[in-house]
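So this block is target.cif, mmCIF, N, CA and C atoms:
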data_my_file
#
loop_
_atom_site.label_atom_id
_atom_site.label_comp_id
_atom_site.auth_asym_id
_atom_site.auth_seq_id
_atom_site.Cartn_x
_atom_site.Cartn_y
_atom_site.Cartn_z
N MET A 1 -21.35 -14.12 16.99
CA MET A 1 -20.13 -14.87 17.18
C MET A 1 -19.18 -14.06 18.03
N ARG A 2 -18.33 -14.76 18.74
CA ARG A 2 -17.33 -14.06 19.53
C ARG A 2 -16.09 -14.93 19.64
N PHE A 3 -14.96 -14.29 19.86
CA PHE A 3 -13.72 -15.01 20.11
C PHE A 3 -13.68 -15.36 21.59
N THR A 4 -13.06 -16.48 21.92
CA THR A 4 -12.95 -16.86 23.31
C THR A 4 -11.49 -17.09 23.66
N GLY A 5 -11.21 -16.97 24.93
CA GLY A 5 -9.89 -17.31 25.44
C GLY A 5 -8.88 -16.19 25.36
N ASN A 6 -7.74 -16.46 25.93
CA ASN A 6 -6.67 -15.50 26.02
C ASN A 6 -6.04 -15.23 24.65
N LYS A 7 -6.17 -16.17 23.73
CA LYS A 7 -5.57 -16.00 22.41
C LYS A 7 -6.21 -14.85 21.64
N MET A 8 -7.37 -14.40 22.07
CA MET A 8 -8.02 -13.28 21.44
C MET A 8 -7.16 -12.03 21.56
N LEU A 9 -6.46 -11.90 22.70
CA LEU A 9 -5.65 -10.71 22.95
C LEU A 9 -4.19 -10.90 22.57
N HIS A 10 -3.72 -12.12 22.59
CA HIS A 10 -2.32 -12.41 22.33
C HIS A 10 -2.21 -13.33 21.12
N VAL A 11 -1.76 -12.78 20.03
CA VAL A 11 -1.68 -13.55 18.79
C VAL A 11 -0.57 -14.60 18.90
N GLU A 12 -0.93 -15.81 18.53
CA GLU A 12 0.02 -16.92 18.53
C GLU A 12 -0.09 -17.62 17.19
N ASP A 13 0.60 -18.73 17.05
CA ASP A 13 0.56 -19.48 15.81
C ASP A 13 -0.82 -20.07 15.55
N GLU A 14 -1.52 -20.45 16.60
CA GLU A 14 -2.83 -21.07 16.45
C GLU A 14 -3.92 -20.00 16.52
N PRO A 15 -4.92 -20.08 15.66
CA PRO A 15 -6.00 -19.08 15.72
C PRO A 15 -6.85 -19.28 16.97
N ALA A 16 -7.51 -18.20 17.39
CA ALA A 16 -8.40 -18.26 18.54
C ALA A 16 -9.64 -19.07 18.17
N GLU A 17 -10.27 -19.60 19.20
CA GLU A 17 -11.50 -20.38 19.00
C GLU A 17 -12.67 -19.42 18.76
N ILE A 18 -13.52 -19.74 17.82
CA ILE A 18 -14.71 -18.94 17.54
C ILE A 18 -15.93 -19.73 17.98
N VAL A 19 -16.81 -19.07 18.70
CA VAL A 19 -18.04 -19.71 19.16
C VAL A 19 -19.21 -19.04 18.47
N ALA A 20 -20.07 -19.82 17.87
CA ALA A 20 -21.29 -19.30 17.25
C ALA A 20 -22.48 -19.86 18.02
N ILE A 21 -23.41 -18.99 18.39
CA ILE A 21 -24.60 -19.42 19.10
C ILE A 21 -25.78 -19.21 18.16
N ALA A 22 -26.52 -20.28 17.89
CA ALA A 22 -27.68 -20.20 17.00
C ALA A 22 -28.95 -20.44 17.82
N HIS A 23 -29.96 -19.64 17.56
CA HIS A 23 -31.24 -19.78 18.25
C HIS A 23 -32.35 -19.83 17.22
N ASP A 24 -33.43 -20.51 17.57
CA ASP A 24 -34.58 -20.53 16.68
C ASP A 24 -35.40 -19.26 16.85
N ASP A 25 -36.39 -19.09 16.00
CA ASP A 25 -37.21 -17.87 16.03
C ASP A 25 -38.03 -17.74 17.30
N GLU A 26 -38.30 -18.84 17.97
CA GLU A 26 -39.14 -18.81 19.17
C GLU A 26 -38.36 -18.34 20.40
N THR A 27 -37.22 -18.95 20.66
CA THR A 27 -36.46 -18.62 21.87
C THR A 27 -35.34 -17.62 21.60
N GLY A 28 -34.95 -17.46 20.35
CA GLY A 28 -33.83 -16.59 20.01
C GLY A 28 -33.94 -15.16 20.51
N PRO A 29 -35.04 -14.46 20.20
CA PRO A 29 -35.14 -13.06 20.64
C PRO A 29 -35.03 -12.89 22.15
N ALA A 30 -35.63 -13.78 22.91
CA ALA A 30 -35.55 -13.68 24.37
C ALA A 30 -34.12 -13.92 24.86
N MET A 31 -33.42 -14.88 24.23
CA MET A 31 -32.04 -15.16 24.63
C MET A 31 -31.12 -14.00 24.27
N VAL A 32 -31.32 -13.41 23.10
CA VAL A 32 -30.51 -12.26 22.71
C VAL A 32 -30.73 -11.12 23.69
N GLU A 33 -31.99 -10.87 24.05
CA GLU A 33 -32.29 -9.81 25.02
C GLU A 33 -31.63 -10.11 26.36
N LEU A 34 -31.67 -11.37 26.79
CA LEU A 34 -31.04 -11.76 28.04
C LEU A 34 -29.53 -11.54 27.99
N LEU A 35 -28.89 -11.93 26.91
CA LEU A 35 -27.44 -11.75 26.78
C LEU A 35 -27.06 -10.27 26.75
N LEU A 36 -27.84 -9.46 26.03
CA LEU A 36 -27.56 -8.03 25.99
C LEU A 36 -27.79 -7.38 27.36
N ASP A 37 -28.84 -7.80 28.07
CA ASP A 37 -29.09 -7.28 29.42
C ASP A 37 -27.93 -7.64 30.35
N ALA A 38 -27.42 -8.87 30.22
CA ALA A 38 -26.30 -9.30 31.05
C ALA A 38 -25.06 -8.47 30.73
N ALA A 39 -24.81 -8.23 29.45
CA ALA A 39 -23.66 -7.40 29.06
C ALA A 39 -23.81 -5.98 29.59
N ASN A 40 -25.02 -5.42 29.48
CA ASN A 40 -25.27 -4.08 30.01
C ASN A 40 -25.06 -4.02 31.52
N HIS A 41 -25.48 -5.07 32.21
CA HIS A 41 -25.30 -5.12 33.66
C HIS A 41 -23.81 -5.13 34.01
N LEU A 42 -23.03 -5.92 33.28
CA LEU A 42 -21.58 -5.97 33.54
C LEU A 42 -20.92 -4.62 33.29
N VAL A 43 -21.28 -3.97 32.20
CA VAL A 43 -20.72 -2.66 31.90
C VAL A 43 -21.08 -1.67 33.00
N ASP A 44 -22.34 -1.71 33.44
CA ASP A 44 -22.77 -0.82 34.51
C ASP A 44 -21.98 -1.07 35.79
N GLU A 45 -21.85 -2.33 36.15
CA GLU A 45 -21.18 -2.69 37.41
C GLU A 45 -19.68 -2.45 37.37
N LEU A 46 -19.04 -2.75 36.25
CA LEU A 46 -17.58 -2.70 36.17
C LEU A 46 -17.03 -1.39 35.64
N ILE A 47 -17.84 -0.60 34.93
CA ILE A 47 -17.32 0.63 34.34
C ILE A 47 -18.09 1.86 34.83
N THR A 48 -19.41 1.85 34.65
CA THR A 48 -20.20 3.04 34.94
C THR A 48 -20.20 3.38 36.42
N ARG A 49 -20.53 2.42 37.27
CA ARG A 49 -20.60 2.70 38.71
C ARG A 49 -19.26 3.13 39.30
N PRO A 50 -18.16 2.46 38.98
CA PRO A 50 -16.88 2.95 39.52
C PRO A 50 -16.56 4.38 39.07
N ARG A 51 -16.89 4.72 37.83
CA ARG A 51 -16.64 6.09 37.36
C ARG A 51 -17.50 7.09 38.11
N GLN A 52 -18.77 6.73 38.35
CA GLN A 52 -19.66 7.62 39.09
C GLN A 52 -19.16 7.80 40.52
N THR A 53 -18.73 6.71 41.14
CA THR A 53 -18.22 6.77 42.50
C THR A 53 -16.97 7.65 42.56
N SER A 54 -16.09 7.48 41.58
CA SER A 54 -14.88 8.30 41.53
C SER A 54 -15.21 9.78 41.34
N ALA A 55 -16.20 10.06 40.50
CA ALA A 55 -16.60 11.45 40.27
C ALA A 55 -17.17 12.07 41.55
N LEU A 56 -17.96 11.28 42.28
CA LEU A 56 -18.50 11.79 43.56
C LEU A 56 -17.38 12.03 44.56
N TRP A 57 -16.43 11.10 44.63
CA TRP A 57 -15.30 11.23 45.55
C TRP A 57 -14.50 12.50 45.24
N ASP A 58 -14.30 12.75 43.94
CA ASP A 58 -13.52 13.92 43.54
C ASP A 58 -14.20 15.23 43.93
N LYS A 59 -15.51 15.22 44.09
CA LYS A 59 -16.25 16.43 44.46
C LYS A 59 -16.21 16.73 45.96
N LEU A 60 -15.82 15.74 46.75
CA LEU A 60 -15.77 15.96 48.20
C LEU A 60 -14.63 16.90 48.58
N PRO A 61 -14.85 17.72 49.58
CA PRO A 61 -13.76 18.56 50.08
C PRO A 61 -12.65 17.69 50.67
N GLU A 62 -11.42 18.15 50.59
CA GLU A 62 -10.27 17.39 51.09
C GLU A 62 -10.41 17.05 52.57
N THR A 63 -10.99 17.96 53.35
CA THR A 63 -11.14 17.69 54.79
C THR A 63 -12.06 16.49 55.02
N VAL A 64 -13.10 16.39 54.23
CA VAL A 64 -14.04 15.26 54.36
C VAL A 64 -13.35 13.97 53.93
N LYS A 65 -12.59 14.02 52.82
CA LYS A 65 -11.87 12.84 52.36
C LYS A 65 -10.90 12.35 53.44
N THR A 66 -10.20 13.27 54.08
CA THR A 66 -9.25 12.92 55.13
C THR A 66 -9.96 12.25 56.30
N GLN A 67 -11.11 12.78 56.69
CA GLN A 67 -11.88 12.19 57.79
C GLN A 67 -12.34 10.78 57.43
N ILE A 68 -12.81 10.59 56.20
CA ILE A 68 -13.27 9.27 55.77
C ILE A 68 -12.11 8.28 55.76
N GLU A 69 -10.97 8.68 55.20
CA GLU A 69 -9.81 7.79 55.15
C GLU A 69 -9.31 7.45 56.55
N HIS A 70 -9.35 8.43 57.45
CA HIS A 70 -8.94 8.20 58.83
C HIS A 70 -9.89 7.20 59.51
N ALA A 71 -11.19 7.39 59.32
CA ALA A 71 -12.18 6.48 59.91
C ALA A 71 -12.03 5.08 59.32
N LYS A 72 -11.76 4.99 58.04
CA LYS A 72 -11.57 3.70 57.40
C LYS A 72 -10.32 3.00 57.95
N GLY A 73 -9.27 3.77 58.15
CA GLY A 73 -8.04 3.21 58.72
C GLY A 73 -8.26 2.66 60.12
N GLN A 74 -9.08 3.33 60.92
CA GLN A 74 -9.38 2.85 62.27
C GLN A 74 -10.24 1.59 62.21
N ALA A 75 -11.16 1.52 61.25
CA ALA A 75 -12.02 0.36 61.13
C ALA A 75 -11.23 -0.87 60.67
N ASP A 76 -10.22 -0.66 59.83
CA ASP A 76 -9.40 -1.76 59.33
C ASP A 76 -8.43 -2.29 60.39
N ALA A 77 -8.14 -1.46 61.37
CA ALA A 77 -7.15 -1.86 62.39
C ALA A 77 -7.71 -2.84 63.39
#
Since I need it in another form, could you write the structure as structure tokens?
Amino acid sequence: MRFTGNKMLHVEDEPAEIVAIAHDDETGPAMVELLLDAANHLVDELITRPRQTSALWDKLPETVKTQIEHAKGQADA
């Protein structure tokens, strides 16, 4: 089960909507695996990869960072 909508984060007079997903024994395990894989993919894309990219950026020498930012500025112009 999970809460849905903005009310999950902002308490109001009305309770948040609860969604329950039920699966049978035949398709349930595959669907649960699919949902967990999707959640893992989102965490990887939205949290893990940006942190790894930031860590790599932090390891670059300042002169290299300056050159990259300068080249990026020229490309955007």
What is the distance, in Å and to one decimal place, between atom C of Asp24 of chain A and atom N of Asp37 of chain A?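 Value for the atom C of Asp24 of chain A-atom N of Asp37 of chain A distance: 17.3 Å.
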Atomic separation - atom CA of Leu36 of chain A relative to atom N of Ile21 of chain A, Å: 14.0 Å
Hey, can you check how far atom CA of Ser54 of chain A sits from atom C of Asp76 of chain A?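 About the pair atom CA of Ser54 of chain A and atom C of Asp76 of chain A: they are 22.6 Å apart.
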